[in-house]
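Next up, work_34.txt (compact mmCIF, C-alpha atoms):
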# COMPACT_ATOMS: atom_id res chain seq x y z
CA MET A 1 6.73 -191.28 -173.76
CA SER A 2 3.72 -189.04 -173.45
CA ILE A 3 3.63 -185.23 -172.95
CA LYS A 4 0.88 -183.68 -170.89
CA MET A 5 -0.04 -180.12 -171.92
CA ASN A 6 -1.67 -177.67 -169.53
CA SER A 7 -4.88 -176.10 -170.89
CA SER A 8 -5.29 -172.28 -170.83
CA PRO A 9 -7.49 -170.91 -168.06
CA GLU A 10 -10.99 -169.97 -169.11
CA VAL A 11 -11.82 -166.27 -169.55
CA PRO A 12 -15.05 -165.34 -167.82
CA ALA A 13 -17.88 -164.54 -170.22
CA TYR A 14 -18.60 -161.11 -168.68
CA LEU A 15 -15.12 -159.86 -169.77
CA PHE A 16 -15.98 -160.59 -173.42
CA VAL A 17 -19.15 -158.57 -173.05
CA ILE A 18 -17.22 -155.56 -171.67
CA LEU A 19 -14.59 -155.73 -174.43
CA LEU A 20 -17.18 -155.99 -177.21
CA SER A 21 -19.23 -153.09 -175.88
CA GLY A 22 -16.09 -150.88 -175.82
CA LEU A 23 -15.19 -151.72 -179.42
CA VAL A 24 -18.71 -150.99 -180.63
CA GLY A 25 -18.57 -147.48 -179.08
CA LEU A 26 -15.24 -146.50 -180.64
CA PRO A 27 -16.52 -145.50 -184.14
CA GLY A 28 -19.08 -143.18 -182.56
CA ALA A 29 -16.41 -141.52 -180.43
CA PHE A 30 -14.28 -140.80 -183.48
CA ALA A 31 -17.29 -139.52 -185.40
CA GLN A 32 -18.02 -136.96 -182.68
CA SER A 33 -14.47 -135.50 -182.78
CA PRO A 34 -13.69 -134.65 -186.42
CA VAL A 35 -10.37 -133.02 -187.25
CA SER A 36 -10.90 -129.49 -188.57
CA ILE A 37 -8.46 -127.96 -191.06
CA PRO A 38 -8.43 -124.13 -191.11
CA SER A 39 -9.21 -122.62 -194.48
CA LYS A 40 -7.04 -119.98 -196.19
CA SER A 41 -9.72 -117.37 -195.55
CA ALA A 42 -9.29 -117.84 -191.80
CA ALA A 43 -5.60 -116.92 -191.92
CA ALA A 44 -4.60 -113.73 -190.14
CA GLN A 45 -4.55 -110.69 -192.38
CA PRO A 46 -1.79 -108.05 -192.08
CA VAL A 47 -2.66 -104.60 -190.72
CA SER A 48 -2.57 -102.09 -193.55
CA SER A 49 -3.94 -98.89 -191.98
CA TYR A 50 -2.46 -96.49 -189.44
CA PRO A 51 -3.89 -93.52 -187.55
CA ASP A 52 -3.82 -90.29 -189.54
CA SER A 53 -2.55 -88.35 -186.52
CA VAL A 54 0.71 -90.26 -186.27
CA SER A 55 3.61 -88.57 -187.99
CA ILE A 56 5.73 -90.53 -190.43
CA SER A 57 9.45 -89.93 -190.21
CA ALA A 58 11.14 -88.37 -193.21
CA ASP A 59 13.62 -91.23 -193.07
CA ASN A 60 11.07 -93.99 -193.64
CA VAL A 61 8.27 -92.52 -195.76
CA PRO A 62 7.57 -94.75 -198.78
CA GLN A 63 8.53 -92.97 -201.98
CA ASN A 64 5.75 -91.37 -204.07
CA LYS A 65 3.28 -91.56 -201.18
CA PRO A 66 2.52 -88.06 -199.83
CA SER A 67 2.00 -87.88 -196.10
CA GLY A 68 1.33 -85.31 -193.45
CA PRO A 69 -0.11 -85.05 -189.94
CA SER A 70 -3.62 -83.91 -189.13
CA LEU A 71 -3.35 -80.83 -186.90
CA GLY A 72 -7.00 -80.73 -185.84
CA MET A 73 -9.82 -78.18 -185.80
CA VAL A 74 -7.85 -75.25 -184.36
CA ALA A 75 -5.41 -75.30 -187.25
CA ALA A 76 -8.19 -75.70 -189.81
CA ALA A 77 -10.12 -72.78 -188.31
CA HIS A 78 -7.09 -70.51 -188.78
CA GLY A 79 -6.38 -71.51 -192.36
CA ILE A 80 -3.54 -73.99 -191.73
CA ARG A 81 -3.28 -76.59 -194.50
CA THR A 82 -1.00 -79.63 -194.70
CA LEU A 83 0.94 -79.76 -197.97
CA PRO A 84 1.58 -83.34 -199.18
CA PHE A 85 5.29 -83.94 -199.27
CA THR A 86 7.56 -86.97 -199.61
CA PRO A 87 11.26 -86.16 -199.15
CA SER A 88 13.46 -87.76 -201.79
CA ASP A 89 16.55 -87.11 -199.66
CA PRO A 90 16.79 -89.39 -196.55
CA ALA A 91 18.97 -86.72 -194.91
CA PHE A 92 16.40 -83.95 -195.50
CA PHE A 93 15.90 -83.31 -191.77
CA HIS A 94 19.63 -82.96 -191.05
CA ARG A 95 20.31 -80.94 -194.21
CA ASN A 96 17.80 -78.30 -193.12
CA GLY A 97 18.82 -77.60 -189.56
CA GLY A 98 18.85 -80.99 -187.88
CA LYS A 99 16.77 -79.81 -184.91
CA PRO A 100 13.11 -78.92 -184.16
CA GLY A 101 11.99 -75.56 -185.51
CA VAL A 102 10.06 -73.67 -188.19
CA LEU A 103 11.34 -72.23 -191.49
CA SER A 104 9.19 -69.75 -193.45
CA PHE A 105 9.07 -69.23 -197.23
CA LYS A 106 7.33 -66.22 -198.76
CA THR A 107 7.90 -67.09 -202.42
CA LEU A 108 8.55 -70.01 -204.73
CA LYS A 109 12.13 -68.80 -205.11
CA ASP A 110 12.60 -68.99 -201.33
CA LEU A 111 11.68 -72.69 -201.41
CA GLY A 112 14.71 -73.24 -203.62
CA ARG A 113 16.79 -73.09 -200.43
CA VAL A 114 15.47 -76.49 -199.35
CA LEU A 115 13.88 -78.09 -202.43
CA LYS A 116 14.72 -78.72 -206.04
CA LYS A 117 12.76 -76.61 -208.52
CA ALA A 118 10.44 -79.42 -209.62
CA GLU A 119 9.74 -80.42 -206.01
CA ALA A 120 9.00 -76.82 -205.01
CA GLN A 121 6.60 -76.31 -207.92
CA ALA A 122 4.71 -79.50 -207.09
CA LEU A 123 4.51 -78.56 -203.41
CA VAL A 124 2.93 -75.13 -203.97
CA ALA A 125 0.58 -76.12 -206.78
CA GLY A 126 -2.41 -74.98 -204.68
CA VAL A 127 -0.72 -72.15 -202.76
CA ASN A 128 -1.43 -68.47 -203.40
CA PHE A 129 1.62 -66.50 -202.21
CA ASN A 130 -0.42 -63.28 -202.30
CA THR A 131 -2.37 -64.48 -199.25
CA GLU A 132 -0.35 -67.44 -197.96
CA GLN A 133 3.15 -68.44 -196.94
CA VAL A 134 4.73 -71.89 -196.69
CA VAL A 135 6.36 -73.14 -193.50
CA LEU A 136 8.56 -76.18 -192.94
CA VAL A 137 8.19 -77.74 -189.49
CA LEU A 138 11.00 -79.97 -188.24
CA TRP A 139 10.20 -82.01 -185.14
CA THR A 140 11.21 -85.09 -183.19
CA THR A 141 9.59 -87.61 -180.86
CA SER A 142 10.20 -91.04 -179.34
CA GLY A 143 7.99 -94.02 -178.71
CA PRO A 144 5.98 -96.04 -178.57
CA PRO A 145 3.67 -94.39 -177.85
CA ASP A 146 4.79 -91.56 -180.13
CA GLY A 147 4.00 -87.90 -179.74
CA VAL A 148 2.07 -86.15 -182.52
CA LEU A 149 2.57 -82.75 -184.12
CA SER A 150 -0.10 -80.27 -182.98
CA PHE A 151 -1.00 -76.61 -183.35
CA ARG A 152 -2.42 -73.89 -181.11
CA MET A 153 -2.92 -70.12 -181.13
CA GLU A 154 -1.53 -68.01 -178.31
CA GLN A 155 -0.96 -64.36 -177.49
CA GLY A 156 2.57 -63.18 -178.15
CA SER A 157 4.44 -60.09 -177.10
CA GLY A 158 2.50 -56.88 -177.69
CA GLY A 159 -0.80 -58.74 -177.65
CA GLN A 160 -0.39 -60.09 -181.17
CA GLN A 161 -1.72 -63.58 -181.87
CA ARG A 162 0.73 -66.15 -183.17
CA GLY A 163 0.54 -69.75 -184.31
CA VAL A 164 2.55 -72.32 -182.37
CA PHE A 165 3.52 -75.77 -183.59
CA PHE A 166 4.34 -78.20 -180.79
CA VAL A 167 4.59 -81.94 -180.09
CA GLN A 168 1.71 -83.36 -178.07
CA GLU A 169 3.18 -86.13 -175.97
CA PRO A 170 1.13 -88.96 -174.39
CA PRO A 171 -0.84 -87.76 -171.32
CA GLU A 172 0.63 -90.32 -168.92
CA SER A 173 4.25 -90.85 -168.05
CA GLN A 174 5.34 -94.08 -169.71
CA ILE A 175 8.59 -95.83 -170.57
CA ARG A 176 9.41 -94.68 -174.10
CA GLY A 177 12.52 -94.73 -176.21
CA MET A 178 12.42 -97.91 -178.29
CA ARG A 179 12.65 -95.66 -181.34
CA PHE A 180 13.45 -92.03 -182.13
CA SER A 181 11.95 -90.33 -185.17
CA GLN A 182 12.82 -87.09 -186.96
CA SER A 183 10.07 -85.61 -189.12
CA ALA A 184 9.71 -82.80 -191.65
CA HIS A 185 6.35 -81.45 -192.87
CA PHE A 186 5.26 -78.47 -194.96
CA PHE A 187 2.18 -76.34 -194.24
CA SER A 188 0.42 -73.41 -195.84
CA VAL A 189 -0.46 -70.65 -193.36
CA PRO A 190 -1.91 -67.13 -193.74
CA LYS A 191 0.71 -64.68 -195.01
CA ASN A 192 0.37 -62.27 -192.07
CA MET A 193 0.52 -64.96 -189.36
CA ASN A 194 3.59 -65.22 -187.15
CA VAL A 195 4.46 -68.86 -186.54
CA THR A 196 6.92 -70.51 -184.17
CA PHE A 197 7.80 -73.85 -182.62
CA ALA A 198 7.40 -74.42 -178.87
CA ALA A 199 10.75 -74.98 -177.17
CA ASN A 200 9.24 -77.51 -174.78
CA THR A 201 6.80 -80.21 -175.79
CA GLN A 202 3.49 -80.33 -173.97
CA PRO A 203 2.81 -82.97 -171.30
Take the structure I supplied and represent it as structure tokens, if you would.
Amino acid sequence: MSIKMNSSPEVPAYLFVILLSGLVGLPGAFAQSPVSIPSKSAAAQPVSSYPDSVSISADNVPQNKPSGPSLGMVAAAHGIRTLPFTPSDPAFFHRNGGKPGVLSFKTLKDLGRVLKKAEAQALVAGVNFNTEQVVLVLWTTSGPPDGVLSFRMEQGSGGQQRGVFFVQEPPESQIRGMRFSQSAHFFSVPKNMNVTFAANTQP
């Protein structure tokens, strides 16, 4: 008995030409699209600097890192100096009134009401109590964007000039309240200057 096998159909020659030309072009295509691996130097770097005008809350200031807001040219022109201070007590704001305001200290002994002796001595190292006084400003804000502590001179009762600390809020009305901060900062001011804290923050 004999078995008859069917032969495979012939593939046209032009198909072989198309297939071969495609295979020849593949190495070039891969060579034109190399895979790039990002280097370590291209990795994102963390932000390590913050604006000087932004107040740092007494509750989250890193220890042994003095901080203080920049009050601007008006304060500088009237002899207002920021005294570097880092509270060691996380409850410093609440222990000294717990609400926005200004406390004045005429002598080193007066500072003993709010600071330990060593802290008070370090704070007033460059203060001359014969011509200066020390004030503690307690203030609050919310954000972002946060308000910043500012200073202005205004005419008080009887025509006498007085220094006013206030919180400069963002100029435009925005949704704020993701965080609430309570801050405490010391300043040196002229001894004969009356200072106060504005009851209402400025728009």
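From CA of Thr82 in chain A back to CA of Leu123 in chain A, the distance works out to 10.4 Å.
Proximity to Glu132 in chain A was assessed for A:Lys106, A:Ser183, A:Val195, A:Gly159 counting all atoms listed in the file; the smallest distance is recorded for A:Lys106.
For the choices A:His94, A:Leu108, A:Gly156, A:Pro69, the atom-to-atom distance to Ala125 in chain A is smallest for A:Leu108 when using only C-alpha atoms.
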Self-check item: Close residues, Arg179 in chain A itself excluded, 8 Å, all atoms listed in the file, min 6 positions apart in chain, as a list in words
Solution: Ser142, Gly143 and Pro144 of chain A
Restricted to C-alpha atoms, what would the selected residues look like written as a PDB file, in the coordinates of the input?
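To be explicit, this is the file written out as again.pdb:
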ATOM      1  CA  SER A 142      10.200 -91.040-179.340  1.00  0.00           C
ATOM      2  CA  GLY A 143       7.990 -94.020-178.710  1.00  0.00           C
ATOM      3  CA  PRO A 144       5.980 -96.040-178.570  1.00  0.00           C
TER       4      PRO A 144
END
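If you look at CA of Lys191 in chain A and CA of Val127 in chain A, they are 10.9 Å away from each other.
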Exercise. Identify which of the residues A:Asn128, A:Asn96, A:Thr86, A:Ser150 lies closest to Ser70 in chain A, counting all atoms listed in the file when measuring atom-to-atom distances.
Key: A:Ser150
Please determine an axis-aligned box that encloses all atoms of range 168-186 of chain A listed in the file, with 4 Å added on each side, and express its centre and edge lengths in Å to one decimal as lines of an AutoDock Vina configuration file.
center_x = 6.3
center_y = -88.2
center_z = -181.5
size_x = 22.3
size_y = 27.4
size_z = 34.9
Quiz prompt | Nearest candidate to Asp146 in chain A (options A:Leu83, A:Leu115, A:Met178, A:Ala120; using all atoms listed in the file) | solution = A:Met178
Quiz item: Using only C-alpha atoms, which of A:Ala91, A:Leu136, A:Ala198, A:Val124 sits nearest Phe151 in chain A?
Solution: A:Ala198
Exercise. State, in Å with one decimal place, the distance from CA of Lys99 in chain A to CA of Thr131 in chain A.
Key: 28.4 Å
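For the choices A:Gly177, A:Arg113, A:Thr141, A:Met193, the atom-to-atom distance to Gln155 in chain A is smallest for A:Met193 when using all atoms listed in the file.
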Quiz item: If I put a ball of radius 8 Å at (7.8, -71.2, -184.2) in the file's coordinates, which residues poke into it when counting all atoms listed in the file, written as an MDAnalysis selection string?
Solution: chainID A and resid 101:102 163:165 194:198
Phe92 in chain A surroundings by all atoms listed in the file, 8 Å radius, close-in-sequence under 4 positions cut, as a CSV table (one decimal) with C-alpha atoms, in the frame of the given file:
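Written file, result.csv:
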chain,number,residue,atom,x,y,z
A,58,ALA,CA,11.1,-88.4,-193.2
A,87,PRO,CA,11.3,-86.2,-199.2
A,88,SER,CA,13.5,-87.8,-201.8
A,96,ASN,CA,17.8,-78.3,-193.1
A,184,ALA,CA,9.7,-82.8,-191.6
